[in-house]
Each structure stands twice: as C-alpha cells, then as structure tokens.
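So the structure is just underneath, and the comments pick up after that.
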Amino acid sequence: MKFKFLLIALFTFFAGLAQENATIKGTVTDRDMNNETLPFATVMVKGTKILATTDENGSYTLTVPAGTHTIVFSFLGYLDASVQVTVAAGETKTVDQQLHSDSVQLNDVIIEKVVNREKESTLLVEQQKAIEMKQAIGAQELTRKGVNDAAAAVIKTTGVSKQEGVNSVFVRGLGDRYNSTTLNGLPLPSENPLYKNISLDFFQSNIIKNININKTFSANLSGDNSGANIDITSKELESKALLSVQGGASINTSAISADNFQVADGAYSYFGFLKNGKDVPITDLNQYTFKSNFKTNTISSPVNTNFNITGGGKINVGEGNNTISFFGVASNITDYAYKKGFVGVATNTGDYQQRMNMDRYDYKTTQSLLGNVKFKHDKGSVSLNSLLIHNNNQFVGNYLGYNKDINDALGTDIAEQSLITRQQNNNNNLITNQLLGDYKFSDKISANAGVVYSTMRGSEPDRKTNTYAMTETGHYILGTNSYADNNRFFSTLDENDLGATAEVNYSVNPEANSPMIITLGGNYRKTDRTFNFTEFDYKQNGLTVDPNNPDLVLNQENFNSGAFSLITLRGGTNINPMYYIGNRKIGAGYAQFLYPVNEKLTIQVGLRDEQVKQTIIWDTNITSTVTDLTTPPSLIDKNYILPSANLKYSFNEKNALRFAASKTYTMPQFKEMANFLYTDVNFNERGNPYLKPSTVYNADIKYDYYLSQKEIISIGGFYKYIQDPILRMIMNTPGLDYSYVNTNKAYVAGAEIEARKTLYSVESDIRNKDLSFGLNASYLYSEQTQEDVTTGAVSASFTNRKGKMQGASPLLVNADLSYNTSTENTSLLSTLVFNYFYDKVYSVGTTGRENLVEKSVPTLDFINRFELKKTKMTISLGARNILNPKYRLTQEATSNVTGQTSDVLISSYRKGAVIMAGLSWQL
C-alpha cells in the first residue's frame, strides 16, 4: 500500500514539473539561399545552458521553463539573431527564424559572402558525417589564416609540406608523382614539364570555395593516387547578388632593400605578357636576329600589388525553385622577391667544385578569370565552369665565386671571381572548361556526370646563360669549358587533356536514416603532351667582355666578322627543335557499396578496374627513338584491379573511429622518363626511360572527437608499403646531376594529430569575443631500400643500402591562434599562424656522396582584418614570414685530411619578410 502511494506521489510530482515546462520549436532558414533550410545551426536560450542544433532539415526543438526567454540563433559566418518569446506552462510555440551571412574577407582583403561549404563549421560537419577520412579547408579558414593561394592552404593541413624551390607538395612524405590534383573533381594538366601536377599557387584564394585533401583511396578516385587527391572546388554564386572590389599592396623586405632590382631585357612587363613572343627568332644560323639583349634592365620600387573584382547575380526561372546564377572573378597579383645567398657543389670529402655567392631577383605575376553559370532545379543542376590562368615567372640570377670547370678551362685559379648570369622567363596559360550535372530521378536513383577539356600552353622563351672567367690581367672573358657555357634557350609545352566521369547511385532504402547505397561509375582521361626545345650555343675562344654589358661584343657586327658563331645541340646547321612527345590514356570502371551494419557501424567497399597505357618518344640531346631505331620508345601498358575498404564506427554523436585500406599505383611522370637533359646553374637533370610504375598498399586508422561545431580532436596513424618506388638520386658525375631509378621497396609509417579548440568565448548584447587555437602535427618514419642499379639508361651505386624517402619530413607542425571581437558596427579578426618542418631528404646520395638534406625551417605569419560593417569596408594589415629563416641545403661529408664528418653547405638564402595592407568594399 505504501509502495503504491509512493508511485502515485512521484507521478503527481513529475507531472506537476512537466506542466511548468514549455516547448519552443521551429525551422531556421538561410535568407541568402532563397530561404533554404539551414542545418547544424545553434539555437540557445540566452543566459542558460539550454541549446539545440538544427537537424538536416533545419528543424529544432527546445524544452524551456514557462516564462519569457530570449532565443539566440547562430551559425558560424552568419549574423546572430535573437527573438524574445513568452510561453505558458505546457504550451508549444513555433518560432521560425531567418539568418543571413556576415561579410568575411578573402585573400587578405576581399569581402565575399561566405556561405555553405566555405565555412569551417559546415566542412567540419561534413567531415563528421563522412565515412571516408576527409580533411578540408574552406574560404573562411583561408581568410582567418591569411592564405592567398591553394599551395599555402594545403601546407597548413596535417601531414602536408612543400619543398623549397619545388612547385609540388609532399603528403605524408610522398611527392608530386604520388599525388593528384583535380578541379571540381575533374583532372587538370600540369603547366610545367618538370611536374605531374599543376602548381597549386596558380589558384588564388578568391576563386576557391574549399579544398579537399583526400589522403585515403576510394574506388571513385583515380588509381594513380597513393599520397593524396587534392580537389579544389571553385567558387559559385550563393547569394542573390554580389559585387565586391579589393586592392592591396605589400613589400618584401629583401626586395625593397635590393639595389637596382634587375629584370631581363625583353621579358619584364607588369602583367607578364611576352613582349617578343615565344617563337624562336633564329631561322638561319647565319643570322643573329635575337630580339633582346644580354644586358639586364633595372626597375625602382618593387612593390607587390593585388586587385580583384567579384560579381554575380541570380534570377528565378519559371515556377518553383528553378534559378540561374552567374558568377565571375577577375584578379591580378604581382610579387617581387630578392634572394641573397650561396650555391655550391661538393664532393663526398667536402671539397667544393663550385662555391658561389648568389644575387637573384624574382618577379611573378598571375591573372585569373573564373566564370560560372549554374542552372539549378528541383531535380538537380547543370553548371558550366570556365577558368583561365596566366602565370609568368621570371628571374635574373648572378653567381660570383669559384667554379672548377670555368677555372680549369682557363688554366688559372683566380679564386672567387668566376661569374655566371642566368636570365629565365617561364610563361604559362591554362584554359579549362567543365560541364557538370547531377540529376535525381527518384528517391532511390540519382546520377552525376562531368566532362572537362583543358589546354596548357607553356613556354620558356629566350633563357639566357652567360659564363665569365677572370684572367690574370683582371679582365673577364667568356667561359671556354664548353660552347654551352654561353647559350640562349627556347622551349614550348603544349598539353591537351580530355577527361570525363559518370556515376549512378542507387539507394536501397532511402527512407532510412543511414541508407544502403550501391554506386556504379566510370572515368576516362586522355593526355597528349609535346615538349619542344632549341638551344643556341656560342662558339668562341674566350672573347673579352664586360659582364655588365656583354652586348658590346655579342652583337651583329662581331657575328658577321666571325668573332663568334652559333651552333645548336644538333650540330651543323640543323635548327629543328629537339622534343619529346608523351601520350597517356586511362580508362576505368568501378563499383562501390555502402552498407550500414547498424546505427554505429558503417562499411564501404569498392573495386576499381583501371587500364593505363603510356607512350613516350623523343629526339633529344641524349638519345633518339626517331633517328636511332635501336632505342625503343618508353611504353607502359598495365591493367590494375584496385580494391578499397572504409569502415566507420560511431561510439556516439561526438566520437567516431575510422579505418581504411586500399591498393593503388604510381606512374612515373613524363619528364622522369623522357631522355632529355635539363640544365640549371647548380644542377642538371635527365630522365630514365626504363622506369616502371610503383604498386602501393595503404592502411589508415583515425579517431575523431567532435567537441562542438567548431572544435575537434583527431588522432590517427597510417602505413604504406611501396613496391618498386621511384627516387631522385645524384648521378655518378663530377657535377650535381640528378636522375630517377626504381628500387626494390619502401615503407612509410606515421602518426597525426589535429585539434581545434575555443579557449575563451564571451557573448553579450554589446560585444562578442572569442579566442581559438588550432594545431596539427605529424610524425613520420620512412625507409627505402637502395640497391645498386646497373641496367637501363641510368646506373646508380648508392652510398647507403637504405635510407629515408626523398621529401619525407619526420616532423611537421602547424598551429594558429585567432582572436575575434565584434560589435554591431565593427569586427576585428587577428590570427597568428606558425609552421615548422624538420630536416628532409632533397636527393639521395650515390658513389660515396651522402644525401642532400633540406634543413628545418620555421615560419610565422600575423594577419589582421578590421571591418566597418555599415560602410561594408574592410581594412587588412599583416606580415608574412616574420622570422625570415634561412633556407639551407646541406650534404654530409668526411674530410680526407681530418677524417671528421660535417655538414657542407650546398645552398642557402633568405626570402625576406612581407608586410602587407589592403582595402576592400562590397556593394
């Protein structure tokens, strides 16, 4: 009886409590997206710990005490909204709310509408829900960290680094040949014959919506992808209308302090457009008809500038939610840099064959045009993307010191007075056109497809190299070690790239929270590359010249008199260009199955069948497959069956464990196999036509703890086993010559950690403040067997039997600290960004020489952005590379005299700090 009385009393008590509570529910929508629902927004009762997160349909429900409350609606990058609501006990009240985006700067100073997948919180939610191990950086994070291009963006992520002087990035110690780059999921060609992937610094942040770094393989990705796929998603219009203009300027402390900043004659223009074209001006070796001089020009006030204009609009079409949007971005960026340092070549005993002081003047300019037209309807969308990028890099380098070849040819030893001058201009134009579409046939069946056609037109017109030797009388003469010591070089790269993809998804049970999905798809890619080059060498016997004006001697008059003549690498009077031609076709089909075992465990398995055929023919300064029929073309014809598996176990909403395993392959690059010699001041490089693809086995595991919408802690590990890995090694030559060989095997193992945490946050009616911290770090161990190679075009006798993989840094650290404060009229965002990588192998040593090692470098950036909300203006101030560290290449050597081992300096310089300011305005 007492027990029954107790139950009745408890029921009455809790029923009374329930009657004192009330319910507030509703939907949060995005005003900038035609009131589409806004998932994952935060709804909270001000002054309490009562909060909720909107679901995928933008809906929320709050249980609150009866009375009057202030409900605050928020989403990262959107303006907060608050509503006062009075509810009675037991009452349910519906409160819907619109949010619209805040104004956020991009590329230091640009104001953009930051919505959808540009936001850190949205990308983190996608990462949380995905079964694959994804890592993404969006436009909002680019702004916060002061990132101005895709290359700078990806090296802020875990396990990604960049080797100085190399255009490509390294992911988990794996370089250019192991990675792939796509734009909106479709392939891109390279702009440079030395690389497989396009240079990421071409993609300025004002055209980037987000960048996805996929470090694990799934069946829908290219099989030639063992490091990572870096996919750049281009911007498109999200709001109804947009017009913004921004401009800025910066100075490089080294460049601005350089006396008489030098530029090549006939090469320099503000926009980098070629003054004399790219064609070879010599059609007859009896003529001297070059269009520019050896004497350099100087400019004053090398100030970096940037400008861009962004605009677009959206219109409704017909009934329903059908819309057509138009979006465009046009930008121009200029950059001056000056490097004062050292370059050298040393033997295994540390004896210098070259030691020279370097003064190098660099100028880079990039123009980009992005256009997007998108038709969006109830069943899907169709979009056309067009991107044009023009990039021009040029430099003048002066190298003064000792060079063994120059001095030996002269028969004297005038120490530290040999001089080499190199003037180089690389001009590249990329045009890519994409047609993308997706369609939802029913709740069960959807499809997407895309086609892309890209052209890359690159040229290196009129590269000039002069070598000077000082005589006993104190005069300079042109170097006589070989005719090629003084030359002019012309090259062109023409690449056409066609790609297509199609995919169908079938959802077995679409009504389920986690449906079972079957995916079938296919890809096709055809790449054709032609690289032509012509070199004119000066045949002479030591003409006395003034290095400041060699044209006083190297001119039409002295050419006519026979003081010097021109010859080509082909010899005689043959001026036909040398070349290599590469063709590659890849066709693939794949199937993928996503199976939710239960609410916590989801498995995705896939199988990809990929056929690859690559052929390279060449007629170069080394060998020829055209004139010498005993030299066979380079041919790779392979079929790969590539399985993959991804597993996700969700302990709860905030904790997830992921595992991935796959098999991939790695193709040698065109330039690594084409048998031609590329010459630089401090090194030469040649290809090896006998290279073969590598096979890679991958395994990853990762644990994620999602603290909130903006906070995460991740810990992961990975392992890769590589059969027939390719490495760059030092050839057995007197100079510093590189080539490529396969070795037997290699493996890479490592651990990664990522943390994003809000350290301090205060919200009030007057001012909001927060202090956040981000950290990612990776530790990597690599080992590669290094057996002697004695067959093929390149032989190698390695100094060590095993060693670290080229480009693999054992430790990478990225950290950022951001402070944000805002009122109704203003906002201030300040971010401090730190990056560090430990020593890594630049090139593998042979014949007694030790490895070349790129020494550790720390960098520090400080970015500030102040916004005046009513005038829609933003002011930016900041500094990059504040520490201005010294970049160094060293080689370990053992002295014949003392027997002691020490590091010998091969290269060193500082890049200079950059101080920047900018202003932007949005209509």
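The way I read the labels, and the way they are meant: chains A, B, ... in the order of the structure tokens, residue 1 as the first residue of every chain, and ligand 1 as the first ligand shown, with later ones counted on from there.
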
List as a Markdown table every residue of segment 520-610 of chain A that is in contact with segment 192-202 of chain A, defined as an atom at most 10 Å from one of its atoms (using only C-alpha atoms), together with the nearest atom pair and the distance in Å rounded to one decimal, sorted by chain and then rising number.
| residue | atom | partner | partner_atom | distance |
| --- | --- | --- | --- | --- |
| A:Arg529 | CA | A:Pro193 | CA | 9.0 |
| A:Thr530 | CA | A:Pro193 | CA | 9.4 |
| A:Phe531 | CA | A:Pro193 | CA | 7.5 |

Do a neighbour search on segment 601-610 of chain A at 6 Å with only C-alpha atoms, toss out local chain neighbours closer than 4 positions, and write the hits as a PyMOL selection string.
chain A and resi 219+587-597+639-649

Please produce a file of those selected residues containing C-alpha atoms, as a compact mmCIF listing (two decimals), in the first residue's frame.
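That gives us out_29.txt:
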# COMPACT_ATOMS: atom_id res chain seq x y z
CA ALA A 219 37.04 3.45 -55.85
CA GLY A 587 40.01 4.12 -68.69
CA ALA A 588 38.37 2.88 -65.51
CA GLY A 589 35.17 1.37 -64.20
CA TYR A 590 34.26 1.00 -60.55
CA ALA A 591 31.66 -0.26 -58.15
CA GLN A 592 31.16 0.80 -54.56
CA PHE A 593 28.84 -0.50 -51.85
CA LEU A 594 27.91 1.44 -48.71
CA TYR A 595 26.35 -0.78 -46.04
CA PRO A 596 25.20 0.44 -42.61
CA VAL A 597 25.53 -2.68 -40.45
CA ASN A 639 45.79 -3.18 -66.04
CA TYR A 640 45.15 -2.67 -62.32
CA ILE A 641 42.49 -4.22 -60.08
CA LEU A 642 42.29 -1.87 -57.09
CA PRO A 643 40.21 -2.84 -54.03
CA SER A 644 39.36 -0.40 -51.24
CA ALA A 645 37.54 -0.52 -47.93
CA ASN A 646 36.41 2.18 -45.49
CA LEU A 647 34.90 1.50 -42.08
CA LYS A 648 33.35 3.93 -39.61
CA TYR A 649 32.27 3.09 -36.06

Counting only C-alpha atoms, the residue of A:Asp628, A:Asp737, A:Asp80, A:Asp704 that sits nearest Gln135 of chain A:
A:Asp704

Minimum-distance residue to Thr527 of chain A, chosen among A:Tyr506, A:Tyr453, A:Phe375, A:Tyr178 (using only C-alpha atoms):
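When distances to Thr527 of chain A are compared using only C-alpha atoms, the smallest one comes from A:Tyr453.
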
Pick from A:Asn598, A:Asn558, A:Gln434, A:Ser234 nearest to Ser650 of chain A, counting only C-alpha atoms:
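Residue with the minimum atom-to-atom distance to Ser650 of chain A: A:Asn598.
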
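Rounded to one decimal, atom CA of Val72 of chain A and atom CA of Ser830 of chain A lie 25.4 Å from each other.
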
Nearest residue to Asn835 of chain A from the set A:Gly458, A:Gly774, A:Gly344, A:Gly47 (distances using only C-alpha atoms)
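Between A:Gly458, A:Gly774, A:Gly344, A:Gly47, the residue approaching Asn835 of chain A most closely is A:Gly774.
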
Give me every helix (DSSP H, G or I) residue in segment 145-350 of chain A, going by DSSP on the backbone, as number ranges by chain.
A: 150-154, 176-178, 200-202, 205-207, 253-257

Quick one: of A:Thr455, A:Ser843, A:Asn392, A:Ser827, who's nearest to Pro187 of chain A, counting only C-alpha atoms?
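Under the stated criterion, the closest residue is A:Thr455.
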
Under the rule that only C-alpha atoms are counted, which of A:Asn212, A:Asn316, A:Val160, A:Thr63 is the nearest residue to Ile137 of chain A?
A:Asn212

Shell around Tyr338 of chain A at 7 Å using only C-alpha atoms, local window under 3 positions removed, as a list in words
Ser254, Ala255, Arg360, Tyr361, Asp362 and Lys911 of chain A

Residues near Asn398 of chain A, cut-off 6 Å, only C-alpha atoms, skip fewer than 3 positions along chain, as a PyMOL selection string
chain A and resi 358-359+420-421

What parts of segment 677-809 of chain A does DSSP call strand (DSSP E)? I'd like the answer as a short mmCIF file (atom, residue, chain, number, x, y, z; two decimals) with N, CA and C atoms, in the first residue's frame.
data_model
loop_
_atom_site.label_atom_id
_atom_site.label_comp_id
_atom_site.auth_asym_id
_atom_site.auth_seq_id
_atom_site.Cartn_x
_atom_site.Cartn_y
_atom_site.Cartn_z
N LEU A 677 68.01 16.29 -71.25
CA LEU A 677 68.80 16.89 -70.18
C LEU A 677 68.31 18.31 -69.92
N TYR A 678 67.91 18.57 -68.65
CA TYR A 678 67.52 19.91 -68.24
C TYR A 678 68.67 20.51 -67.44
N THR A 679 69.11 21.72 -67.80
CA THR A 679 70.31 22.32 -67.22
C THR A 679 69.94 23.52 -66.38
N ASN A 684 72.02 19.58 -63.06
CA ASN A 684 71.40 19.11 -64.30
C ASN A 684 70.47 17.96 -63.96
N GLU A 685 69.49 17.70 -64.83
CA GLU A 685 68.54 16.62 -64.57
C GLU A 685 68.18 15.93 -65.88
N ARG A 686 68.12 14.60 -65.84
CA ARG A 686 67.74 13.84 -67.03
C ARG A 686 66.79 12.72 -66.65
N SER A 694 55.01 2.09 -59.69
CA SER A 694 55.07 1.53 -58.34
C SER A 694 53.69 1.01 -57.95
N THR A 695 53.67 0.01 -57.09
CA THR A 695 52.42 -0.50 -56.51
C THR A 695 52.44 -0.19 -55.03
N VAL A 696 51.33 0.35 -54.52
CA VAL A 696 51.30 0.85 -53.15
C VAL A 696 50.12 0.22 -52.40
N TYR A 697 50.41 -0.26 -51.19
CA TYR A 697 49.38 -0.81 -50.30
C TYR A 697 49.24 0.15 -49.12
N ASN A 698 47.99 0.57 -48.84
CA ASN A 698 47.74 1.65 -47.88
C ASN A 698 46.84 1.17 -46.75
N ALA A 699 47.10 1.64 -45.54
CA ALA A 699 46.23 1.38 -44.38
C ALA A 699 46.22 2.61 -43.49
N ASP A 700 45.03 2.99 -43.03
CA ASP A 700 44.86 4.18 -42.18
C ASP A 700 43.88 3.88 -41.07
N ILE A 701 44.10 4.52 -39.93
CA ILE A 701 43.15 4.46 -38.82
C ILE A 701 43.10 5.84 -38.18
N LYS A 702 41.90 6.25 -37.75
CA LYS A 702 41.75 7.60 -37.22
C LYS A 702 40.59 7.65 -36.23
N TYR A 703 40.83 8.35 -35.12
CA TYR A 703 39.79 8.55 -34.11
C TYR A 703 39.49 10.05 -34.03
N ASP A 704 38.19 10.41 -34.12
CA ASP A 704 37.76 11.80 -34.06
C ASP A 704 36.86 12.01 -32.86
N TYR A 705 37.12 13.09 -32.15
CA TYR A 705 36.26 13.51 -31.05
C TYR A 705 35.79 14.93 -31.36
N TYR A 706 34.48 15.07 -31.68
CA TYR A 706 33.92 16.36 -32.06
C TYR A 706 33.37 17.04 -30.81
N ILE A 712 37.39 20.08 -32.54
CA ILE A 712 37.66 18.68 -32.82
C ILE A 712 39.03 18.29 -32.28
N ILE A 713 39.14 17.05 -31.89
CA ILE A 713 40.44 16.43 -31.59
C ILE A 713 40.50 15.13 -32.37
N SER A 714 41.54 14.98 -33.20
CA SER A 714 41.72 13.78 -34.02
C SER A 714 43.10 13.20 -33.78
N ILE A 715 43.13 11.87 -33.72
CA ILE A 715 44.40 11.16 -33.62
C ILE A 715 44.36 10.03 -34.64
N GLY A 716 45.40 9.89 -35.44
CA GLY A 716 45.40 8.86 -36.47
C GLY A 716 46.77 8.28 -36.73
N GLY A 717 46.78 7.17 -37.44
CA GLY A 717 48.01 6.53 -37.85
C GLY A 717 47.87 5.99 -39.26
N PHE A 718 48.98 5.81 -39.96
CA PHE A 718 48.94 5.31 -41.33
C PHE A 718 50.19 4.49 -41.64
N TYR A 719 50.04 3.65 -42.68
CA TYR A 719 51.15 2.80 -43.11
C TYR A 719 51.02 2.60 -44.61
N LYS A 720 52.15 2.70 -45.32
CA LYS A 720 52.18 2.48 -46.77
C LYS A 720 53.38 1.59 -47.10
N TYR A 721 53.10 0.56 -47.89
CA TYR A 721 54.16 -0.31 -48.38
C TYR A 721 54.23 -0.14 -49.90
N ILE A 722 55.40 0.20 -50.41
CA ILE A 722 55.56 0.56 -51.82
C ILE A 722 56.51 -0.42 -52.50
N GLN A 723 56.01 -1.07 -53.53
CA GLN A 723 56.86 -1.91 -54.38
C GLN A 723 57.37 -1.10 -55.57
N ILE A 726 60.06 4.94 -56.77
CA ILE A 726 60.93 5.77 -57.61
C ILE A 726 61.59 6.82 -56.72
N LEU A 727 62.87 7.04 -56.91
CA LEU A 727 63.55 8.08 -56.15
C LEU A 727 64.42 8.93 -57.06
N ARG A 728 64.64 10.16 -56.65
CA ARG A 728 65.59 11.03 -57.33
C ARG A 728 66.93 10.86 -56.67
N MET A 729 67.95 10.64 -57.48
CA MET A 729 69.27 10.37 -56.91
C MET A 729 70.33 11.20 -57.64
N ILE A 730 71.47 11.35 -56.99
CA ILE A 730 72.62 12.05 -57.55
C ILE A 730 73.38 11.10 -58.45
N ASP A 737 74.30 16.24 -60.83
CA ASP A 737 73.33 15.80 -61.83
C ASP A 737 72.36 14.82 -61.20
N TYR A 738 71.07 14.99 -61.50
CA TYR A 738 70.03 14.15 -60.93
C TYR A 738 69.39 13.28 -62.01
N SER A 739 68.91 12.12 -61.57
CA SER A 739 68.03 11.31 -62.40
C SER A 739 67.16 10.46 -61.49
N TYR A 740 66.46 9.48 -62.07
CA TYR A 740 65.44 8.72 -61.34
C TYR A 740 65.63 7.23 -61.60
N VAL A 741 65.45 6.43 -60.55
CA VAL A 741 65.54 4.97 -60.68
C VAL A 741 64.49 4.34 -59.77
N ASN A 742 64.13 3.09 -60.10
CA ASN A 742 63.31 2.28 -59.20
C ASN A 742 64.22 1.53 -58.24
N LYS A 745 61.89 -1.68 -52.65
CA LYS A 745 60.71 -1.46 -51.80
C LYS A 745 60.95 -0.30 -50.85
N ALA A 746 59.87 0.18 -50.29
CA ALA A 746 59.91 1.24 -49.28
C ALA A 746 58.66 1.15 -48.45
N TYR A 747 58.73 1.74 -47.26
CA TYR A 747 57.51 1.87 -46.46
C TYR A 747 57.53 3.18 -45.70
N VAL A 748 56.33 3.65 -45.42
CA VAL A 748 56.14 4.89 -44.68
C VAL A 748 55.13 4.60 -43.58
N ALA A 749 55.45 5.00 -42.36
CA ALA A 749 54.53 4.85 -41.23
C ALA A 749 54.54 6.15 -40.43
N GLY A 750 53.39 6.50 -39.89
CA GLY A 750 53.35 7.75 -39.15
C GLY A 750 52.12 7.91 -38.30
N ALA A 751 52.12 8.99 -37.53
CA ALA A 751 51.00 9.34 -36.67
C ALA A 751 50.68 10.81 -36.87
N GLU A 752 49.38 11.15 -36.76
CA GLU A 752 48.92 12.52 -36.96
C GLU A 752 47.97 12.91 -35.84
N ILE A 753 48.00 14.19 -35.50
CA ILE A 753 47.07 14.71 -34.51
C ILE A 753 46.57 16.07 -34.98
N GLU A 754 45.30 16.32 -34.75
CA GLU A 754 44.69 17.61 -35.09
C GLU A 754 43.80 18.03 -33.95
N ALA A 755 43.85 19.32 -33.60
CA ALA A 755 43.00 19.85 -32.53
C ALA A 755 42.56 21.26 -32.90
N ARG A 756 41.27 21.51 -32.73
CA ARG A 756 40.72 22.86 -32.85
C ARG A 756 39.89 23.12 -31.59
N LYS A 757 40.20 24.20 -30.88
CA LYS A 757 39.55 24.43 -29.58
C LYS A 757 39.32 25.92 -29.36
N THR A 758 38.12 26.26 -28.88
CA THR A 758 37.83 27.61 -28.45
C THR A 758 38.29 27.76 -27.01
N LEU A 759 39.26 28.64 -26.81
CA LEU A 759 39.84 28.80 -25.47
C LEU A 759 39.04 29.75 -24.61
N TYR A 760 38.36 30.70 -25.26
CA TYR A 760 37.69 31.75 -24.50
C TYR A 760 36.57 32.31 -25.36
N SER A 761 35.39 32.45 -24.81
CA SER A 761 34.27 32.97 -25.58
C SER A 761 33.32 33.72 -24.66
N VAL A 762 32.98 34.94 -25.08
CA VAL A 762 32.04 35.78 -24.32
C VAL A 762 31.04 36.38 -25.29
N ASN A 768 30.80 40.62 -28.79
CA ASN A 768 31.14 39.20 -28.73
C ASN A 768 32.64 39.05 -28.89
N LYS A 769 33.23 38.13 -28.13
CA LYS A 769 34.66 37.89 -28.19
C LYS A 769 34.92 36.39 -28.16
N ASP A 770 35.95 35.96 -28.88
CA ASP A 770 36.39 34.58 -28.72
C ASP A 770 37.86 34.45 -29.10
N LEU A 771 38.50 33.52 -28.46
CA LEU A 771 39.90 33.20 -28.71
C LEU A 771 39.97 31.71 -29.02
N SER A 772 40.48 31.35 -30.21
CA SER A 772 40.50 29.94 -30.62
C SER A 772 41.93 29.53 -31.00
N PHE A 773 42.17 28.23 -30.88
CA PHE A 773 43.51 27.69 -31.14
C PHE A 773 43.38 26.46 -32.03
N GLY A 774 44.29 26.35 -33.00
CA GLY A 774 44.33 25.18 -33.87
C GLY A 774 45.73 24.61 -33.92
N LEU A 775 45.82 23.29 -33.95
CA LEU A 775 47.12 22.62 -34.01
C LEU A 775 46.98 21.35 -34.82
N ASN A 776 47.90 21.12 -35.75
CA ASN A 776 48.02 19.81 -36.35
C ASN A 776 49.49 19.47 -36.48
N ALA A 777 49.79 18.22 -36.25
CA ALA A 777 51.18 17.77 -36.27
C ALA A 777 51.22 16.34 -36.77
N SER A 778 52.33 16.00 -37.40
CA SER A 778 52.50 14.62 -37.87
C SER A 778 53.94 14.18 -37.64
N TYR A 779 54.06 12.94 -37.24
CA TYR A 779 55.37 12.29 -37.12
C TYR A 779 55.43 11.19 -38.16
N LEU A 780 56.54 11.11 -38.87
CA LEU A 780 56.64 10.17 -39.98
C LEU A 780 57.98 9.45 -39.95
N TYR A 781 57.90 8.14 -40.16
CA TYR A 781 59.12 7.34 -40.32
C TYR A 781 59.07 6.66 -41.68
N SER A 782 60.13 6.79 -42.44
CA SER A 782 60.17 6.17 -43.77
C SER A 782 61.49 5.44 -43.95
N GLU A 783 61.44 4.41 -44.77
CA GLU A 783 62.66 3.65 -45.09
C GLU A 783 62.54 3.10 -46.51
N GLN A 784 63.59 3.28 -47.29
CA GLN A 784 63.61 2.82 -48.66
C GLN A 784 64.89 2.04 -48.92
N THR A 785 64.74 0.85 -49.50
CA THR A 785 65.94 0.10 -49.86
C THR A 785 66.60 0.77 -51.06
N LYS A 802 70.15 1.65 -47.36
CA LYS A 802 68.77 2.06 -47.11
C LYS A 802 68.79 3.47 -46.55
N GLY A 803 67.64 4.13 -46.62
CA GLY A 803 67.57 5.50 -46.13
C GLY A 803 66.15 6.02 -46.16
#

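Here atom CA of Asn881 of chain A stands at a distance of 27.3 Å from atom CA of Thr233 of chain A.
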
Can you pull out the residues contacting Asn252 of chain A? Cut-off 7 Å, using only C-alpha atoms, and skip same-chain residues under 2 positions away; I want them as a ChimeraX atom specification.
/A:250,254-256,336-337,912-915

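Near Glu787 of chain A, within a cut-off of 9 Å and counting only C-alpha atoms, sit the residues A:Thr743, A:Asn744, A:Ala796, A:Ser797, A:Phe798, A:Asn800, A:Arg801, A:Lys802, with same-chain residues fewer than 4 positions away left out.
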
Using only C-alpha atoms, which residues sit within 12 Å of Pro461 of chain A once same-chain residues fewer than 4 positions away are excluded, as a VMD selection string?
chain A and resid 264 to 267 273 to 281 290 to 292 392 to 394 423 to 428 488 to 493 532 to 535

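Here atom CA of Tyr270 of chain A and atom CA of Asn332 of chain A stand 10.0 Å from one another.
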
Taking only residues of segment 750-826 of chain A that have an atom at most 12 Å from an atom of segment 83-104 of chain A, what is each one's shortest atom pair and its distance in Å to one decimal, using only C-alpha atoms, in chain and number order, as a tab-separated table?
residue	atom	partner	partner_atom	distance
A:Ser822	CA	A:Asp102	CA	11.2
A:Glu824	CA	A:Asp102	CA	11.3
A:Asn825	CA	A:Asp102	CA	11.8
A:Thr826	CA	A:Ser103	CA	10.9
